[in-house]
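Asks: Following this message is one structure expressed as structure tokens.
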Amino acid sequence: MKSKNIYVLFLVVGLIWMMAIDAPAQQGRGKGRVKGTVVDEEGNPLEGVQITGQHLKFNTMFEGETDEKGKWAIAGLGTGLFRFTATKEGYEPAYRDVQVSQFSRKNPDIDFVLVKAQPTGIPALEDEAALEVFEEGNRLFKQEQYAEAVAKFEEFLERNPTVYQVNLNIGNCYRQLKEYDKALAAYQIILKKVMEEKGTYEDDESAARAMAGIGETYMLKGNLEKASEYMKQAIDLFPNDETLAFNVGEIFFNEGKADEAIEYYKLAAKIKEDWAPPYRQLGYAYLNKGEYQLAVESLKKFLELAPDDPQAPTIESLIPKLQEMIKD
């Protein structure tokens with residue numbers, strides 16, 4: 001029994017090692033494909049929306065554009081966490097963070113609803129020159145010129161001090177520049193303003209995005225405790241975001257907290273039932289706990305959803321050994 005456990009342990013360590021060395025070699029590129037749609041607030045498809053996908057580890061950029069039906073697709077993606085951003089002149093930009101597998105046929109669709117950049121009731125946004133500054137900041141961010149983008153967003157904020165939400169863009173720029181304290185300060189401004197206006201963060205997307213930004217920043221700083229704290233708050237505000245749930249699970253898993261990781265992997269799987277990565281990670285987490293039957297069930301579900309994943313052969317060979325351990 002003990003020798004079998006040791007064998008499985010080495011097999012799993014080897015599996016994780018292979019996963020670790022594969023990503024850097026690709027530098028964010030691979031065979032993955034993601035698609036989606038973009039519509040306006042009335043549900044009308046938007047043509048000519050620029051879509052960018054940024055690998056958040058390697059900063060590799062990919063681009064696409066919507067057609068007349070508002071549909072878009074980007075191919076050539078590697079495995080990892082990507083930030084997809086939709087931008088179109090006259091509309092506020094929108095983004096989503098999504099875990100992508102270059103080997104899965106069922107990466108989640110990403111659908112955007114863009115809001116007009118000049119909502120009524122906010123006269124400051126009638127300033128077309130200021131909006132051009134904002135769009136220039138977005139263009140610079142897409143070109144990875146983060147310092148220049150910060151300058152444009154701050155210029156916009158000077159002209160429109162009531163539009164505090166632009167601090168999210170500023171925080172994202174500083175995070176890319178690895179100026180983490182400045183990034184945290186920008187995100188905190190949003191939380192402070194929301195609380196002053198509403199007295200609560202509930203149902204406020206700006207607050208949820210700021211929480212997620214703070215969580216990502218602490219993760220980059222290596223403070224996993226703080227990262228999980230803020231990511232969990234973001235999930236509470238946006239409970240239907242499978243990527244947030246998955247990322248919190250990853251934080252706990254890396255901390256060696258299997259029970260907490262399982263909770264959030266399950267949440268991610270519940271939100272997006274046909275998304276394979278949470279089931280794979282559930283299998284590993286259950287394996288770490290010695291709960292082999294649950295590990296087998298989770299890994300089988302992963303294989304069902306992602307049979308062409310390069311890890312599939314290794315997992316297929318692991319399952320019978322776990323089943324033998326269950327019999328013992």
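FYI, nothing fancy with the structure tokens labels: chains A, B, ... in order, residues from 1 per chain, ligands from 1 as they appear.
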Determine, counting only C-alpha atoms, which protein, DNA and RNA residues have an atom within 9 Å of an atom of Lys301 of chain A; residues of the same chain fewer than 5 positions away are not included. Present the result as a PyMOL selection string.
Replies: chain A and resi 276+279-280+296+306
Asks: I need the chosen residues saved as a PDB file, in the first residue's frame, with N, CA and C atoms.
Replies:
ATOM      1  N   ALA A 276     -13.642  22.020 -18.490  1.00  0.00           N
ATOM      2  CA  ALA A 276     -12.847  20.891 -17.998  1.00  0.00           C
ATOM      3  C   ALA A 276     -11.871  21.211 -16.854  1.00  0.00           C
ATOM      4  N   TYR A 279     -12.496  20.274 -13.062  1.00  0.00           N
ATOM      5  CA  TYR A 279     -12.571  18.850 -12.740  1.00  0.00           C
ATOM      6  C   TYR A 279     -11.177  18.236 -12.617  1.00  0.00           C
ATOM      7  N   ARG A 280     -10.258  18.677 -13.462  1.00  0.00           N
ATOM      8  CA  ARG A 280      -8.874  18.200 -13.355  1.00  0.00           C
ATOM      9  C   ARG A 280      -8.285  18.596 -12.003  1.00  0.00           C
ATOM     10  N   VAL A 296     -10.901   9.907  -8.740  1.00  0.00           N
ATOM     11  CA  VAL A 296     -11.185   9.170  -9.972  1.00  0.00           C
ATOM     12  C   VAL A 296     -12.398   9.758 -10.688  1.00  0.00           C
ATOM     13  N   ALA A 306     -12.464  16.894 -21.978  1.00  0.00           N
ATOM     14  CA  ALA A 306     -11.260  17.285 -22.715  1.00  0.00           C
ATOM     15  C   ALA A 306     -10.452  16.047 -23.106  1.00  0.00           C
TER      16      ALA A 306
END
Asks: Any idea what's packed within 8 Å of segment 105-114 of chain A, counting only C-alpha atoms, ignoring anything in its chain fewer than 5 positions away? Could you give it as a list in words?
Replies: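 Near neighbours after the sequence-gap exclusion: Arg33, Val34, Lys35, Gly36, Thr37, Val38, Val39, Asp40, Glu41, Gly43, Ala86, Tyr91, Glu92, Pro93, Ala94, Tyr95, Arg96, Val98, Val100, Lys272, Asp274, Trp275, Ala276, Leu305 and Ala306 of chain A.
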Asks: I need the chosen residues saved as a compact mmCIF listing (two decimals), in the first residue's frame, with N, CA and C atoms.
Replies:
# COMPACT_ATOMS: atom_id res chain seq x y z
N ARG A 33 -8.48 28.14 -29.01
CA ARG A 33 -9.38 29.05 -29.73
C ARG A 33 -10.51 29.48 -28.78
N VAL A 34 -10.83 30.76 -28.83
CA VAL A 34 -11.92 31.31 -28.03
C VAL A 34 -12.80 32.15 -28.94
N LYS A 35 -14.11 32.08 -28.72
CA LYS A 35 -15.02 32.87 -29.55
C LYS A 35 -16.07 33.53 -28.66
N GLY A 36 -16.84 34.42 -29.26
CA GLY A 36 -17.89 35.08 -28.49
C GLY A 36 -18.66 36.06 -29.35
N THR A 37 -19.43 36.91 -28.69
CA THR A 37 -20.23 37.91 -29.38
C THR A 37 -20.13 39.24 -28.64
N VAL A 38 -20.48 40.31 -29.33
CA VAL A 38 -20.57 41.64 -28.72
C VAL A 38 -21.86 42.29 -29.17
N VAL A 39 -22.64 42.76 -28.22
CA VAL A 39 -23.90 43.47 -28.52
C VAL A 39 -23.95 44.76 -27.71
N ASP A 40 -24.88 45.64 -28.10
CA ASP A 40 -25.08 46.85 -27.31
C ASP A 40 -26.12 46.57 -26.22
N GLU A 41 -26.51 47.61 -25.51
CA GLU A 41 -27.41 47.43 -24.38
C GLU A 41 -28.80 46.93 -24.79
N GLY A 43 -29.19 44.72 -27.16
CA GLY A 43 -29.03 43.39 -27.74
C GLY A 43 -28.69 43.37 -29.21
N ALA A 86 -12.84 44.20 -24.98
CA ALA A 86 -13.61 44.64 -26.15
C ALA A 86 -13.66 46.15 -26.15
N TYR A 91 -18.02 53.69 -27.07
CA TYR A 91 -18.50 52.76 -26.05
C TYR A 91 -17.44 52.59 -24.96
N GLU A 92 -17.91 52.30 -23.77
CA GLU A 92 -16.99 52.00 -22.69
C GLU A 92 -16.37 50.63 -22.92
N PRO A 93 -15.07 50.49 -22.71
CA PRO A 93 -14.44 49.17 -22.90
C PRO A 93 -14.93 48.19 -21.84
N ALA A 94 -14.89 46.93 -22.17
CA ALA A 94 -15.27 45.87 -21.23
C ALA A 94 -14.22 44.77 -21.30
N TYR A 95 -14.04 44.06 -20.20
CA TYR A 95 -13.06 42.97 -20.22
C TYR A 95 -13.54 41.81 -19.37
N ARG A 96 -12.99 40.65 -19.64
CA ARG A 96 -13.23 39.45 -18.84
C ARG A 96 -11.95 38.65 -18.76
N VAL A 98 -10.38 34.98 -18.34
CA VAL A 98 -10.83 33.61 -18.60
C VAL A 98 -9.63 32.67 -18.65
N VAL A 100 -7.87 29.68 -20.19
CA VAL A 100 -7.93 29.04 -21.50
C VAL A 100 -7.02 27.82 -21.52
N LYS A 272 -19.96 26.72 -14.69
CA LYS A 272 -19.69 26.34 -16.08
C LYS A 272 -19.48 24.83 -16.13
N ASP A 274 -19.58 22.55 -18.37
CA ASP A 274 -18.84 21.89 -19.45
C ASP A 274 -17.40 22.39 -19.57
N TRP A 275 -16.90 23.04 -18.53
CA TRP A 275 -15.52 23.55 -18.51
C TRP A 275 -14.64 22.53 -17.81
N ALA A 276 -13.64 22.02 -18.49
CA ALA A 276 -12.85 20.89 -18.00
C ALA A 276 -11.87 21.21 -16.85
N LEU A 305 -14.70 15.70 -20.83
CA LEU A 305 -14.84 17.04 -21.39
C LEU A 305 -13.65 17.43 -22.27
N ALA A 306 -12.46 16.89 -21.98
CA ALA A 306 -11.26 17.28 -22.71
C ALA A 306 -10.45 16.05 -23.11
Asks: Taking 5 positions as the minimum chain separation for residues in the same chain, which residues sit within 12 Å of Ser298 of chain A when counting only C-alpha atoms? Answer as a VMD selection string.
Replies: chain A and resid 262 265 to 266 269 276 to 287 291 to 293 303 to 305 315 319
Asks: Which is closer to Ile74 of chain A than all the others in A:Leu56, A:Ile51, A:Leu237, A:Leu177, using only C-alpha atoms?
Replies: A:Ile51
Asks: Record the distance separating atom CA of Gly28 of chain A and atom CA of Phe302 of chain A, expressed in Å with one decimal.
Replies: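 If I compute the distance from atom CA of Gly28 of chain A to atom CA of Phe302 of chain A, I get 22.3 Å.
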Asks: Mind the document's chain letters and residue numbers, and return as a list in words the residues of segment 84-141 of chain A that DSSP labels strand (DSSP E).
Replies: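 Across segment 84-141 of chain A, those assigned strand (DSSP E) are Phe84, Thr85, Ala86, Thr87, Ala94, Tyr95, Arg96, Asp97, Val98, Gln99, Val100, Ile110, Asp111, Phe112, Val113 and Leu114 of chain A.
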Asks: Once you have the residues from the selection above, write them out as a PDB file, in the first residue's frame, restricted to N, CA and C atoms.
Replies:
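The result, stored in out.pdb:
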ATOM      1  N   PHE A  84      -9.475  39.225 -21.885  1.00  0.00           N
ATOM      2  CA  PHE A  84     -10.063  39.605 -23.156  1.00  0.00           C
ATOM      3  C   PHE A  84     -10.755  40.956 -22.989  1.00  0.00           C
ATOM      4  N   THR A  85     -10.422  41.892 -23.872  1.00  0.00           N
ATOM      5  CA  THR A  85     -10.947  43.247 -23.788  1.00  0.00           C
ATOM      6  C   THR A  85     -11.652  43.602 -25.095  1.00  0.00           C
ATOM      7  N   ALA A  86     -12.843  44.195 -24.979  1.00  0.00           N
ATOM      8  CA  ALA A  86     -13.613  44.635 -26.146  1.00  0.00           C
ATOM      9  C   ALA A  86     -13.661  46.152 -26.151  1.00  0.00           C
ATOM     10  N   THR A  87     -13.242  46.776 -27.257  1.00  0.00           N
ATOM     11  CA  THR A  87     -13.240  48.228 -27.351  1.00  0.00           C
ATOM     12  C   THR A  87     -13.824  48.671 -28.693  1.00  0.00           C
ATOM     13  N   ALA A  94     -14.888  46.930 -22.171  1.00  0.00           N
ATOM     14  CA  ALA A  94     -15.271  45.874 -21.231  1.00  0.00           C
ATOM     15  C   ALA A  94     -14.223  44.774 -21.304  1.00  0.00           C
ATOM     16  N   TYR A  95     -14.044  44.056 -20.200  1.00  0.00           N
ATOM     17  CA  TYR A  95     -13.059  42.971 -20.220  1.00  0.00           C
ATOM     18  C   TYR A  95     -13.541  41.810 -19.372  1.00  0.00           C
ATOM     19  N   ARG A  96     -12.986  40.647 -19.642  1.00  0.00           N
ATOM     20  CA  ARG A  96     -13.227  39.450 -18.836  1.00  0.00           C
ATOM     21  C   ARG A  96     -11.947  38.647 -18.758  1.00  0.00           C
ATOM     22  N   ASP A  97     -11.671  38.084 -17.593  1.00  0.00           N
ATOM     23  CA  ASP A  97     -10.530  37.207 -17.403  1.00  0.00           C
ATOM     24  C   ASP A  97     -11.013  35.766 -17.489  1.00  0.00           C
ATOM     25  N   VAL A  98     -10.382  34.977 -18.344  1.00  0.00           N
ATOM     26  CA  VAL A  98     -10.834  33.612 -18.604  1.00  0.00           C
ATOM     27  C   VAL A  98      -9.628  32.669 -18.649  1.00  0.00           C
ATOM     28  N   GLN A  99      -9.748  31.541 -17.995  1.00  0.00           N
ATOM     29  CA  GLN A  99      -8.732  30.503 -18.067  1.00  0.00           C
ATOM     30  C   GLN A  99      -8.921  29.732 -19.378  1.00  0.00           C
ATOM     31  N   VAL A 100      -7.869  29.679 -20.192  1.00  0.00           N
ATOM     32  CA  VAL A 100      -7.926  29.038 -21.498  1.00  0.00           C
ATOM     33  C   VAL A 100      -7.024  27.816 -21.515  1.00  0.00           C
ATOM     34  N   ILE A 110     -17.125  33.937 -24.729  1.00  0.00           N
ATOM     35  CA  ILE A 110     -17.011  35.220 -24.026  1.00  0.00           C
ATOM     36  C   ILE A 110     -17.898  36.230 -24.742  1.00  0.00           C
ATOM     37  N   ASP A 111     -18.972  36.607 -24.098  1.00  0.00           N
ATOM     38  CA  ASP A 111     -19.937  37.531 -24.680  1.00  0.00           C
ATOM     39  C   ASP A 111     -19.889  38.872 -23.942  1.00  0.00           C
ATOM     40  N   PHE A 112     -19.811  39.946 -24.712  1.00  0.00           N
ATOM     41  CA  PHE A 112     -19.733  41.285 -24.135  1.00  0.00           C
ATOM     42  C   PHE A 112     -21.002  42.079 -24.444  1.00  0.00           C
ATOM     43  N   VAL A 113     -21.375  42.938 -23.507  1.00  0.00           N
ATOM     44  CA  VAL A 113     -22.410  43.943 -23.730  1.00  0.00           C
ATOM     45  C   VAL A 113     -21.743  45.300 -23.516  1.00  0.00           C
ATOM     46  N   LEU A 114     -21.614  46.083 -24.578  1.00  0.00           N
ATOM     47  CA  LEU A 114     -20.945  47.379 -24.471  1.00  0.00           C
ATOM     48  C   LEU A 114     -21.956  48.493 -24.199  1.00  0.00           C
TER      49      LEU A 114
END
Asks: What separation in Å, quoted to one decimal, exists between atom CA of Glu47 of chain A and atom CA of Glu89 of chain A?
Replies: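 Atom CA of Glu89 of chain A lies 11.4 Å from atom CA of Glu47 of chain A.
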Asks: Could you jot down the atom CA of Gly80 of chain A to atom CA of Ile251 of chain A separation for me, Å, one decimal place?
Replies: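 Distance between the two atoms: 14.4 Å.
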Asks: What's the 8 Å shell around Tyr264 of chain A, counting only C-alpha atoms, without same-chain residues fewer than 4 positions away, as a ChimeraX atom specification?
Replies: /A:245-246,248-249,260,268
Asks: If you keep C-alpha atoms, can you produce a file of those selected residues as a PDB file, in the first residue's frame?
Replies:
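Output file selection.pdb follows:
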ATOM      1  CA  ALA A 245     -13.974  30.969  -8.590  1.00  0.00           C
ATOM      2  CA  PHE A 246     -11.331  28.889 -10.354  1.00  0.00           C
ATOM      3  CA  VAL A 248      -9.468  31.410  -5.861  1.00  0.00           C
ATOM      4  CA  GLY A 249      -9.302  27.623  -5.950  1.00  0.00           C
ATOM      5  CA  GLU A 260     -10.810  25.344   0.499  1.00  0.00           C
ATOM      6  CA  ALA A 268     -16.389  26.992 -10.906  1.00  0.00           C
TER       7      ALA A 268
END
Asks: So which residues touch segment 185-195 of chain A within 10 Å, counting only C-alpha atoms, skipping near sequence neighbours fewer than 2 positions away, as a ChimeraX atom specification?
Replies: /A:162-172,174,180-183,197-202,204,206-214,217
